[in-house]
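Okay, final-v6.cif is below, mmCIF, C-alpha atoms:
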data_input
loop_
_atom_site.label_atom_id
_atom_site.label_comp_id
_atom_site.auth_asym_id
_atom_site.auth_seq_id
_atom_site.Cartn_x
_atom_site.Cartn_y
_atom_site.Cartn_z
CA MET A 1 10.10 1.88 15.24
CA LEU A 2 10.23 1.69 11.46
CA LEU A 3 8.74 4.64 9.58
CA ARG A 4 8.13 5.36 5.93
CA VAL A 5 8.61 9.06 5.06
CA ARG A 6 7.46 10.29 1.64
CA VAL A 7 8.73 13.64 0.42
CA THR A 8 8.46 15.66 -2.76
CA LEU A 9 11.66 17.58 -3.41
CA PRO A 10 13.43 19.54 -6.14
CA ASP A 11 15.12 17.21 -8.64
CA ARG A 12 18.50 18.93 -8.50
CA PRO A 13 21.97 18.02 -7.24
CA GLY A 14 22.24 18.16 -3.46
CA ALA A 15 18.53 18.12 -2.68
CA LEU A 16 18.42 14.42 -1.78
CA GLY A 17 21.53 14.78 0.36
CA GLN A 18 20.00 17.72 2.20
CA VAL A 19 16.90 15.70 3.05
CA ALA A 20 19.05 12.76 4.17
CA ARG A 21 21.17 14.99 6.41
CA THR A 22 18.06 16.55 7.94
CA LEU A 23 16.63 13.11 8.71
CA GLY A 24 19.91 12.13 10.35
CA VAL A 25 20.11 15.28 12.46
CA ALA A 26 16.52 14.70 13.62
CA GLY A 27 17.51 11.23 14.84
CA ALA A 28 16.38 9.01 11.98
CA ASP A 29 18.56 6.13 10.77
CA ILE A 30 17.94 5.68 7.01
CA VAL A 31 17.74 2.06 5.89
CA GLN A 32 16.30 2.49 2.38
CA VAL A 33 15.53 5.18 -0.21
CA VAL A 34 13.18 4.50 -3.15
CA VAL A 35 12.63 7.01 -5.96
CA LEU A 36 8.96 6.84 -6.97
CA GLU A 37 8.91 9.61 -9.54
CA ARG A 38 11.09 12.15 -11.33
CA LEU A 39 9.10 14.57 -13.46
CA GLY A 40 9.06 18.26 -14.25
CA GLY A 41 11.99 19.15 -12.03
CA ARG A 42 10.48 17.41 -9.00
CA ALA A 43 11.07 14.01 -7.45
CA VAL A 44 9.01 11.88 -5.07
CA ASP A 45 11.10 9.72 -2.73
CA ASP A 46 10.25 7.22 -0.02
CA PHE A 47 12.65 7.00 2.92
CA THR A 48 12.41 4.04 5.26
CA VAL A 49 13.96 5.01 8.59
CA VAL A 50 14.44 3.63 12.07
CA TRP A 51 12.98 6.24 14.42
CA PRO A 52 13.51 6.32 18.21
CA GLY A 53 10.15 5.49 19.76
CA ALA A 54 10.55 8.03 22.57
CA THR A 55 11.20 10.92 20.17
CA ARG A 56 8.28 12.94 18.83
CA VAL A 57 7.88 12.80 15.05
CA GLU A 58 7.09 16.52 15.01
CA ARG A 59 10.84 17.11 15.29
CA LEU A 60 11.39 15.24 12.05
CA LEU A 61 8.54 17.04 10.27
CA ALA A 62 9.76 20.43 11.40
CA GLY A 63 13.24 19.75 10.08
CA LEU A 64 11.97 18.68 6.66
CA ALA A 65 9.55 21.62 6.46
CA ALA A 66 12.48 23.99 6.92
CA ILE A 67 14.14 22.82 3.68
CA PRO A 68 13.18 25.10 0.76
CA GLY A 69 11.12 23.32 -1.86
CA VAL A 70 10.56 20.15 0.18
CA GLN A 71 7.04 18.88 0.89
CA VAL A 72 6.22 16.00 3.25
CA ASP A 73 3.53 13.85 1.61
CA GLY A 74 3.17 11.33 4.44
CA VAL A 75 4.73 9.63 7.45
CA TRP A 76 3.48 6.25 8.58
CA LYS A 77 4.56 3.11 10.38
CA ALA A 78 6.08 0.41 8.20
CA ILE A 79 5.59 -3.23 9.07
CA GLY A 80 8.70 -5.39 8.76
CA ALA A 81 11.92 -4.71 6.90
CA PRO A 82 11.84 -2.66 3.69
CA VAL A 83 11.61 -4.70 0.51
CA ALA A 84 12.25 -3.93 -3.16
CA GLY A 85 10.94 -5.14 -6.50
CA GLY A 86 13.09 -8.27 -6.45
CA HIS A 87 10.82 -9.73 -3.81
CA ASP A 88 7.89 -9.69 -6.24
CA ALA A 89 9.35 -12.57 -8.26
CA GLU A 90 9.95 -14.52 -5.04
CA LEU A 91 6.34 -13.98 -3.97
CA LEU A 92 5.00 -15.16 -7.33
CA ALA A 93 7.23 -18.22 -7.09
CA GLN A 94 5.63 -19.02 -3.73
CA VAL A 95 2.17 -18.60 -5.26
CA ALA A 96 3.09 -20.98 -8.08
CA ALA A 97 4.66 -23.51 -5.71
CA ASN A 98 1.49 -23.80 -3.63
CA PRO A 99 -1.48 -22.74 -5.78
CA MET A 100 -4.01 -24.16 -3.31
CA ASP A 101 -3.03 -21.35 -0.92
CA GLY A 102 -1.86 -18.99 -3.63
CA LEU A 103 -4.48 -16.29 -3.10
CA ALA A 104 -3.90 -16.22 0.66
CA THR A 105 -0.13 -16.09 0.10
CA LEU A 106 -0.52 -13.05 -2.15
CA VAL A 107 -2.90 -11.22 0.19
CA ASP A 108 -0.71 -11.82 3.24
CA ALA A 109 2.47 -10.66 1.52
CA VAL A 110 1.33 -7.50 -0.27
CA PRO A 111 1.04 -5.23 2.82
CA GLY A 112 4.70 -5.85 3.66
CA LEU A 113 5.79 -5.13 0.09
CA LEU A 114 3.93 -1.79 -0.03
CA ALA A 115 4.25 -0.63 3.61
CA ALA A 116 0.47 -0.94 3.92
CA ASP A 117 -1.72 -1.83 6.90
CA TRP A 118 -3.71 -4.68 5.38
CA ALA A 119 -4.99 -6.27 2.22
CA ALA A 120 -8.06 -8.26 1.25
CA ALA A 121 -9.37 -10.22 -1.71
CA ALA A 122 -13.05 -9.59 -2.38
CA VAL A 123 -15.63 -10.69 -4.93
CA VAL A 124 -17.51 -7.75 -6.42
CA PRO A 125 -20.91 -8.58 -7.99
CA ALA A 126 -21.02 -7.56 -11.64
CA ASP A 127 -24.06 -5.31 -11.08
CA TRP A 128 -23.02 -4.00 -7.66
CA ALA A 129 -22.47 -0.42 -8.84
CA ALA A 130 -26.06 -0.15 -10.11
CA ARG A 131 -27.56 -1.90 -7.09
CA ASN A 132 -25.42 0.06 -4.64
CA GLY A 133 -26.56 3.35 -6.12
CA SER A 134 -30.19 2.39 -5.52
CA GLY A 135 -29.52 1.03 -2.05
CA GLY A 136 -30.33 -2.57 -2.96
CA GLY A 137 -28.35 -5.78 -2.88
CA THR A 138 -25.15 -6.58 -1.11
CA GLY A 139 -21.68 -5.23 -1.60
CA PRO A 140 -18.36 -6.99 -2.13
CA GLY A 141 -17.85 -10.21 -0.22
CA VAL A 142 -14.49 -10.75 1.47
CA VAL A 143 -12.83 -14.00 0.44
CA TYR A 144 -9.60 -13.60 2.42
CA ALA A 145 -8.10 -10.79 4.51
CA SER A 146 -4.62 -10.33 5.94
CA TRP A 147 -4.11 -10.53 9.69
CA ARG A 148 -4.15 -6.76 10.33
CA ALA A 149 -7.45 -6.19 8.52
CA PRO A 150 -10.16 -4.67 10.75
CA SER A 151 -13.28 -6.61 11.66
CA PRO A 152 -15.88 -5.94 10.45
CA LEU A 153 -14.08 -5.03 7.25
CA HIS A 154 -15.22 -1.90 5.39
CA LEU A 155 -14.40 -1.87 1.69
CA PRO A 156 -14.45 1.21 -0.52
CA GLU A 157 -16.47 1.64 -3.71
CA VAL A 158 -14.29 -0.54 -5.94
CA THR A 159 -16.18 -0.37 -9.23
CA PRO A 160 -15.48 0.04 -12.08
CA LEU A 161 -12.89 -2.69 -11.82
CA ARG A 162 -9.66 -1.06 -12.83
CA ALA A 163 -6.40 -0.58 -10.98
CA ARG A 164 -6.32 2.80 -9.24
CA PRO A 165 -5.60 4.60 -5.96
CA MET A 166 -8.48 5.84 -3.80
CA VAL A 167 -8.80 8.17 -0.80
CA GLU A 168 -11.95 8.13 1.31
CA PRO A 169 -13.30 11.22 3.12
CA GLY A 170 -12.38 9.66 6.48
CA GLY A 171 -8.74 9.52 5.48
CA ALA A 172 -8.28 5.85 4.57
CA ARG A 173 -6.06 5.31 1.54
CA TYR A 174 -6.62 2.38 -0.80
CA ALA A 175 -5.21 0.79 -3.91
CA VAL A 176 -7.44 -1.60 -5.83
CA ALA A 177 -6.60 -3.98 -8.67
CA PRO A 178 -8.85 -6.53 -10.42
CA PHE A 179 -7.79 -10.11 -11.13
CA GLY A 180 -9.93 -10.15 -14.26
CA ARG A 181 -11.71 -13.33 -13.17
CA ALA A 182 -14.89 -14.02 -11.21
CA GLY A 183 -15.24 -10.40 -10.08
CA LEU A 184 -12.24 -10.83 -7.78
CA VAL A 185 -10.37 -7.69 -6.74
CA LEU A 186 -7.42 -7.02 -4.43
CA VAL A 187 -7.80 -4.12 -1.99
CA VAL A 188 -4.74 -2.73 -0.18
CA ALA A 189 -5.12 -0.11 2.57
CA ARG A 190 -3.23 2.45 4.61
CA SER A 191 -4.64 4.69 7.33
CA ASP A 192 -3.43 7.38 9.71
CA ASP A 193 -2.09 6.11 13.03
CA ASP A 194 -1.11 8.02 16.17
CA ASP A 195 -1.40 11.35 14.35
CA LEU A 196 0.95 10.13 11.60
CA PRO A 197 -0.49 11.15 8.19
CA ALA A 198 -0.10 8.19 5.83
CA ALA A 199 0.57 8.89 2.16
CA ALA A 200 -1.84 7.92 -0.57
CA PHE A 201 -0.73 5.13 -2.88
CA HIS A 202 1.51 6.46 -5.62
CA ILE A 203 0.78 5.45 -9.21
CA THR A 204 3.99 3.40 -9.28
CA GLU A 205 2.73 1.45 -6.26
CA VAL A 206 -0.63 0.88 -7.93
CA ASP A 207 1.14 -0.36 -11.07
CA ARG A 208 3.22 -2.74 -8.95
CA ILE A 209 0.11 -4.15 -7.29
CA ALA A 210 -1.61 -4.51 -10.66
CA GLN A 211 1.35 -6.41 -12.09
CA LEU A 212 1.39 -8.79 -9.12
CA VAL A 213 -2.35 -9.38 -9.43
CA ARG A 214 -2.20 -10.00 -13.18
CA ALA A 215 0.69 -12.44 -12.77
CA ALA A 216 -1.05 -14.26 -9.91
CA ALA A 217 -4.22 -14.52 -12.02
CA VAL A 218 -2.26 -16.23 -14.79
CA ILE A 219 -0.62 -18.62 -12.30
CA LEU A 220 -3.81 -19.51 -10.45
CA GLY A 221 -6.06 -19.58 -13.51
CA ASP A 222 -9.33 -21.47 -13.03
CA ARG A 223 -8.78 -21.71 -9.30
CA LEU A 224 -9.91 -18.10 -9.02
CA ASP A 225 -13.21 -18.98 -10.69
CA SER A 226 -14.01 -21.39 -7.88
CA VAL A 227 -13.20 -19.16 -4.95
CA GLY A 228 -16.50 -20.14 -3.34
CA THR A 229 -18.85 -18.30 -1.05
CA PRO A 230 -17.11 -15.19 0.30
CA ALA A 231 -16.40 -15.34 4.02
CA ALA A 232 -14.17 -13.02 5.97
CA VAL A 233 -11.00 -14.65 7.17
CA ASN A 234 -8.56 -12.88 9.47
CA PRO A 235 -5.70 -15.23 10.36
CA VAL A 236 -4.17 -14.82 13.82
#

Let's see the structure in the file written out as C-alpha cells.
Amino acid sequence: MLLRVRVTLPDRPGALGQVARTLGVAGADIVQVVVLERLGGRAVDDFTVVWPGATRVERLLAGLAAIPGVQVDGVWKAIGAPVAGGHDAELLAQVAANPMDGLATLVDAVPGLLAADWAAAAVVPADWAARNGSGGGTGPGVVYASWRAPSPLHLPEVTPLRARPMVEPGGARYAVAPFGRAGLVLVVARSDDDDLPAAAFHITEVDRIAQLVRAAAVILGDRLDSVGTPAAVNPV
C-alpha cells in the first residue's frame, strides 16, 4: 500500500539520509520526498512510500522514533500516485477546458493532489455563524462531494471564510478555502484510518489549496454564482 509519512527532523547534513535509510531498513520503498518547511534549524518533510501490506507500521514508527531529533507528525494512506505542483496547472487547464463541470473536476482532483481522503464544495450562508451560535437555521449545503466523502457528510465550522487548517476534537483534519463568490467554500479532509495517525494540513498545503481555489474562481467566474440549490452528490 502507499503511505504518506510526515516527519520533523533537524535541518542539518545527513539527517534526511538517516531518515531515508531507516525507512528502507524498515521495509519502505521511497517514491517521493517533499520538503514542506525549513525554519529555525528544523525541517518538515513528507515521504511517500510503498509499504508491504502484511508488515505492521509499528516497525516503521519505532525505527523513526529511535533517530535523535526526529518526530513523526503523521502516517496515513495515500490514494493514487504521488503528485507535485506541476499537476496544479494541468488541473486548472482541465477546469478551463470544461467549465460546465469545472467545480466537480476541481473537487474530485484535490484529494489526490494533497493525499487527502475527500473534498467537498459547500455553500455557507452569510449569517450562518450567528445563526449557528444560537442554534437556529441550517448549516452549509453541500453542492458537490468527491467519491470518498462520507454520507451523510459532516462539515466543520467553516466561518469566517478564510483559508486555514482545522482539527476537530474527534481527530478529523480539514483545510478550508473560500472561492470568494456566492458563499462557496472548498473543504478538504483527512482522518485516521486503521490506527494510522494522519497529519494535519500544513500551511504550505493550505496555501496550495487556496491558490487552486482562487484560480478556479477566476476561470469559472459567474458560473459559481449560479451553483443552484445545494444537494449532496457522491459519484460512484

Can you work out the spacing between atom CA of A:Gly102 and atom CA of A:Val227 in Å, to one decimal? 11.4 Å

Point-to-point distance from atom CA of A:Ala216 to atom CA of A:Leu92, Å rounded to tenths: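 Distance reported for this atom pair: 6.6 Å.
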
Please evaluate the PyMOL selection byres ((chain A and resi 171-188) around 7) against the displayed coordinates and give the resulting residues as a PyMOL selection string. chain A and resi 111+116+118-126+158+161-170+189-191+200-201+206+209-210+213-214+217+224-225

Please expand the PyMOL selection byres ((chain A and resi 41) around 12) into the concrete residues it hits in this file, giving the result as a short mmCIF file (atom, residue, chain, number, x, y, z; two decimals) with C-alpha atoms, in the frame of the given file.
data_model
loop_
_atom_site.label_atom_id
_atom_site.label_comp_id
_atom_site.auth_asym_id
_atom_site.auth_seq_id
_atom_site.Cartn_x
_atom_site.Cartn_y
_atom_site.Cartn_z
CA THR A 8 8.46 15.66 -2.76
CA LEU A 9 11.66 17.58 -3.41
CA PRO A 10 13.43 19.54 -6.14
CA ASP A 11 15.12 17.21 -8.64
CA ARG A 12 18.50 18.93 -8.50
CA PRO A 13 21.97 18.02 -7.24
CA ALA A 15 18.53 18.12 -2.68
CA GLU A 37 8.91 9.61 -9.54
CA ARG A 38 11.09 12.15 -11.33
CA LEU A 39 9.10 14.57 -13.46
CA GLY A 40 9.06 18.26 -14.25
CA ARG A 42 10.48 17.41 -9.00
CA ALA A 43 11.07 14.01 -7.45
CA VAL A 44 9.01 11.88 -5.07
CA GLY A 69 11.12 23.32 -1.86
#

Within 6 Å of A:Ala198 using all atoms listed in the file, minus same-chain residues under 2 positions, as a count of residues only: 5

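Residue nearest A:Gln18 within the list A:Asp108, A:Ala65, A:Arg56, A:Gln32: A:Ala65 [criterion: smallest interatomic distance, only C-alpha atoms].
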
Run the PyMOL selection byres ((chain A and resi 97-100) around 12) against the file shown and list the residues it catches, as a PyMOL selection string. chain A and resi 90-96+101-106+216-224+226-227

Given the selection you just returned, output its residues as a file containing C-alpha atoms, formatted as a short mmCIF file (atom, residue, chain, number, x, y, z; two decimals), in the frame of the given file.
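This is the output file out.cif:
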data_model
loop_
_atom_site.label_atom_id
_atom_site.label_comp_id
_atom_site.auth_asym_id
_atom_site.auth_seq_id
_atom_site.Cartn_x
_atom_site.Cartn_y
_atom_site.Cartn_z
CA GLU A 90 9.95 -14.52 -5.04
CA LEU A 91 6.34 -13.98 -3.97
CA LEU A 92 5.00 -15.16 -7.33
CA ALA A 93 7.23 -18.22 -7.09
CA GLN A 94 5.63 -19.02 -3.73
CA VAL A 95 2.17 -18.60 -5.26
CA ALA A 96 3.09 -20.98 -8.08
CA ASP A 101 -3.03 -21.35 -0.92
CA GLY A 102 -1.86 -18.99 -3.63
CA LEU A 103 -4.48 -16.29 -3.10
CA ALA A 104 -3.90 -16.22 0.66
CA THR A 105 -0.13 -16.09 0.10
CA LEU A 106 -0.52 -13.05 -2.15
CA ALA A 216 -1.05 -14.26 -9.91
CA ALA A 217 -4.22 -14.52 -12.02
CA VAL A 218 -2.26 -16.23 -14.79
CA ILE A 219 -0.62 -18.62 -12.30
CA LEU A 220 -3.81 -19.51 -10.45
CA GLY A 221 -6.06 -19.58 -13.51
CA ASP A 222 -9.33 -21.47 -13.03
CA ARG A 223 -8.78 -21.71 -9.30
CA LEU A 224 -9.91 -18.10 -9.02
CA SER A 226 -14.01 -21.39 -7.88
CA VAL A 227 -13.20 -19.16 -4.95
#

With all atoms listed in the file as the atoms that count, which of A:Leu153, A:Ile79, A:Leu23, A:Ala109 lies nearest to A:Ala62? A:Leu23

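Considering the residues A:Gln211, A:Val35, A:Val142, A:Ile203 and counting only C-alpha atoms, A:Val110 has its shortest atom-to-atom contact with A:Gln211.
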
Can you work out which one of A:Asp73, A:Leu64, A:Arg59, A:Leu2 has the shortest atom-to-atom distance to A:Leu16, counting all atoms listed in the file?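 Ranked by minimum distance to A:Leu16, first place goes to A:Leu64.
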
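The spacing separating atom CA of A:Gly24 from atom CA of A:Leu113 amounts to 24.5 Å.
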
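Here the question is which of A:Val72, A:Asp207, A:Pro156, A:Ala115 gets nearest to A:Val5 using all atoms listed in the file, and that residue is A:Val72.
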
Go through A:Leu3, A:Ala145, A:Val70, A:Leu114 one by one, measure the shortest atom-to-atom distance of each to A:Val49 using all atoms listed in the file, and give the residue with the smallest value. A:Leu3

Would you compute an axis-aligned box for stretch 161-167 of chain A, covering every atom listed for it in the file with 8 Å of margin on each side, and report centre and edge lengths in Å to one decimal as lines of an AutoDock Vina configuration file?
center_x = -9.2
center_y = 2.7
center_z = -6.8
size_x = 23.3
size_y = 26.9
size_z = 28.0

Using the partial input, fill out stretch 172-183 of chain A with all heavy atoms; write the result as a PDB file, in the frame of the given file.
ATOM      1  N   ALA A 172      -8.862   7.129   4.961  1.00  0.00           N
ATOM      2  CA  ALA A 172      -8.280   5.850   4.570  1.00  0.00           C
ATOM      3  C   ALA A 172      -7.796   5.928   3.117  1.00  0.00           C
ATOM      4  O   ALA A 172      -8.441   6.517   2.260  1.00  0.00           O
ATOM      5  CB  ALA A 172      -9.299   4.737   4.720  1.00  0.00           C
ATOM      6  N   ARG A 173      -6.632   5.339   2.878  1.00  0.00           N
ATOM      7  CA  ARG A 173      -6.060   5.310   1.540  1.00  0.00           C
ATOM      8  C   ARG A 173      -6.095   3.880   1.021  1.00  0.00           C
ATOM      9  O   ARG A 173      -5.715   2.950   1.744  1.00  0.00           O
ATOM     10  CB  ARG A 173      -4.604   5.779   1.546  1.00  0.00           C
ATOM     11  CG  ARG A 173      -4.403   7.290   1.727  1.00  0.00           C
ATOM     12  CD  ARG A 173      -4.505   7.717   3.143  1.00  0.00           C
ATOM     13  NE  ARG A 173      -3.988   9.064   3.348  1.00  0.00           N
ATOM     14  CZ  ARG A 173      -4.198   9.766   4.438  1.00  0.00           C
ATOM     15  NH1 ARG A 173      -4.940   9.269   5.420  1.00  0.00           N
ATOM     16  NH2 ARG A 173      -3.679  10.960   4.562  1.00  0.00           N
ATOM     17  N   TYR A 174      -6.515   3.715  -0.222  1.00  0.00           N
ATOM     18  CA  TYR A 174      -6.620   2.380  -0.800  1.00  0.00           C
ATOM     19  C   TYR A 174      -5.942   2.330  -2.158  1.00  0.00           C
ATOM     20  O   TYR A 174      -5.792   3.349  -2.846  1.00  0.00           O
ATOM     21  CB  TYR A 174      -8.096   1.988  -1.006  1.00  0.00           C
ATOM     22  CG  TYR A 174      -8.924   1.924   0.250  1.00  0.00           C
ATOM     23  CD1 TYR A 174      -9.760   2.983   0.600  1.00  0.00           C
ATOM     24  CD2 TYR A 174      -8.892   0.801   1.072  1.00  0.00           C
ATOM     25  CE1 TYR A 174     -10.548   2.924   1.754  1.00  0.00           C
ATOM     26  CE2 TYR A 174      -9.680   0.729   2.219  1.00  0.00           C
ATOM     27  CZ  TYR A 174     -10.494   1.800   2.549  1.00  0.00           C
ATOM     28  OH  TYR A 174     -11.264   1.731   3.681  1.00  0.00           O
ATOM     29  N   ALA A 175      -5.551   1.118  -2.534  1.00  0.00           N
ATOM     30  CA  ALA A 175      -5.210   0.790  -3.910  1.00  0.00           C
ATOM     31  C   ALA A 175      -6.001  -0.450  -4.261  1.00  0.00           C
ATOM     32  O   ALA A 175      -6.068  -1.389  -3.458  1.00  0.00           O
ATOM     33  CB  ALA A 175      -3.711   0.536  -4.067  1.00  0.00           C
ATOM     34  N   VAL A 176      -6.641  -0.457  -5.425  1.00  0.00           N
ATOM     35  CA  VAL A 176      -7.440  -1.600  -5.830  1.00  0.00           C
ATOM     36  C   VAL A 176      -6.977  -2.079  -7.201  1.00  0.00           C
ATOM     37  O   VAL A 176      -6.576  -1.280  -8.052  1.00  0.00           O
ATOM     38  CB  VAL A 176      -8.953  -1.264  -5.868  1.00  0.00           C
ATOM     39  CG1 VAL A 176      -9.447  -0.874  -4.496  1.00  0.00           C
ATOM     40  CG2 VAL A 176      -9.237  -0.153  -6.870  1.00  0.00           C
ATOM     41  N   ALA A 177      -7.014  -3.404  -7.390  1.00  0.00           N
ATOM     42  CA  ALA A 177      -6.600  -3.980  -8.670  1.00  0.00           C
ATOM     43  C   ALA A 177      -7.411  -5.238  -8.921  1.00  0.00           C
ATOM     44  O   ALA A 177      -7.504  -6.108  -8.047  1.00  0.00           O
ATOM     45  CB  ALA A 177      -5.112  -4.307  -8.668  1.00  0.00           C
ATOM     46  N   PRO A 178      -8.032  -5.357 -10.103  1.00  0.00           N
ATOM     47  CA  PRO A 178      -8.850  -6.530 -10.420  1.00  0.00           C
ATOM     48  C   PRO A 178      -7.997  -7.694 -10.927  1.00  0.00           C
ATOM     49  O   PRO A 178      -6.982  -7.496 -11.598  1.00  0.00           O
ATOM     50  CB  PRO A 178      -9.772  -6.023 -11.527  1.00  0.00           C
ATOM     51  CG  PRO A 178      -8.959  -4.973 -12.212  1.00  0.00           C
ATOM     52  CD  PRO A 178      -8.107  -4.328 -11.155  1.00  0.00           C
ATOM     53  N   PHE A 179      -8.438  -8.911 -10.605  1.00  0.00           N
ATOM     54  CA  PHE A 179      -7.790 -10.110 -11.130  1.00  0.00           C
ATOM     55  C   PHE A 179      -8.253 -10.428 -12.542  1.00  0.00           C
ATOM     56  O   PHE A 179      -7.616 -11.189 -13.246  1.00  0.00           O
ATOM     57  CB  PHE A 179      -8.089 -11.306 -10.224  1.00  0.00           C
ATOM     58  CG  PHE A 179      -7.328 -11.303  -8.930  1.00  0.00           C
ATOM     59  CD1 PHE A 179      -7.768 -10.551  -7.849  1.00  0.00           C
ATOM     60  CD2 PHE A 179      -6.169 -12.049  -8.774  1.00  0.00           C
ATOM     61  CE1 PHE A 179      -7.073 -10.543  -6.646  1.00  0.00           C
ATOM     62  CE2 PHE A 179      -5.468 -12.055  -7.587  1.00  0.00           C
ATOM     63  CZ  PHE A 179      -5.921 -11.299  -6.515  1.00  0.00           C
ATOM     64  N   GLY A 180      -9.401  -9.861 -12.934  1.00  0.00           N
ATOM     65  CA  GLY A 180      -9.930 -10.150 -14.260  1.00  0.00           C
ATOM     66  C   GLY A 180     -10.647 -11.478 -14.352  1.00  0.00           C
ATOM     67  O   GLY A 180     -10.926 -11.966 -15.443  1.00  0.00           O
ATOM     68  N   ARG A 181     -10.990 -12.050 -13.201  1.00  0.00           N
ATOM     69  CA  ARG A 181     -11.710 -13.330 -13.170  1.00  0.00           C
ATOM     70  C   ARG A 181     -12.681 -13.308 -11.997  1.00  0.00           C
ATOM     71  O   ARG A 181     -12.341 -12.873 -10.900  1.00  0.00           O
ATOM     72  CB  ARG A 181     -10.745 -14.508 -12.980  1.00  0.00           C
ATOM     73  CG  ARG A 181      -9.651 -14.618 -14.010  1.00  0.00           C
ATOM     74  CD  ARG A 181      -8.871 -15.905 -13.861  1.00  0.00           C
ATOM     75  NE  ARG A 181      -9.676 -17.056 -14.265  1.00  0.00           N
ATOM     76  CZ  ARG A 181      -9.349 -17.865 -15.268  1.00  0.00           C
ATOM     77  NH1 ARG A 181      -8.265 -17.632 -15.989  1.00  0.00           N
ATOM     78  NH2 ARG A 181     -10.111 -18.892 -15.574  1.00  0.00           N
ATOM     79  N   ALA A 182     -13.885 -13.777 -12.248  1.00  0.00           N
ATOM     80  CA  ALA A 182     -14.890 -14.020 -11.210  1.00  0.00           C
ATOM     81  C   ALA A 182     -15.185 -12.813 -10.340  1.00  0.00           C
ATOM     82  O   ALA A 182     -15.607 -12.958  -9.201  1.00  0.00           O
ATOM     83  CB  ALA A 182     -14.438 -15.195 -10.327  1.00  0.00           C
ATOM     84  N   GLY A 183     -14.970 -11.598 -10.858  1.00  0.00           N
ATOM     85  CA  GLY A 183     -15.240 -10.400 -10.080  1.00  0.00           C
ATOM     86  C   GLY A 183     -14.301 -10.196  -8.907  1.00  0.00           C
ATOM     87  O   GLY A 183     -14.577  -9.393  -8.009  1.00  0.00           O
TER      88      GLY A 183
END
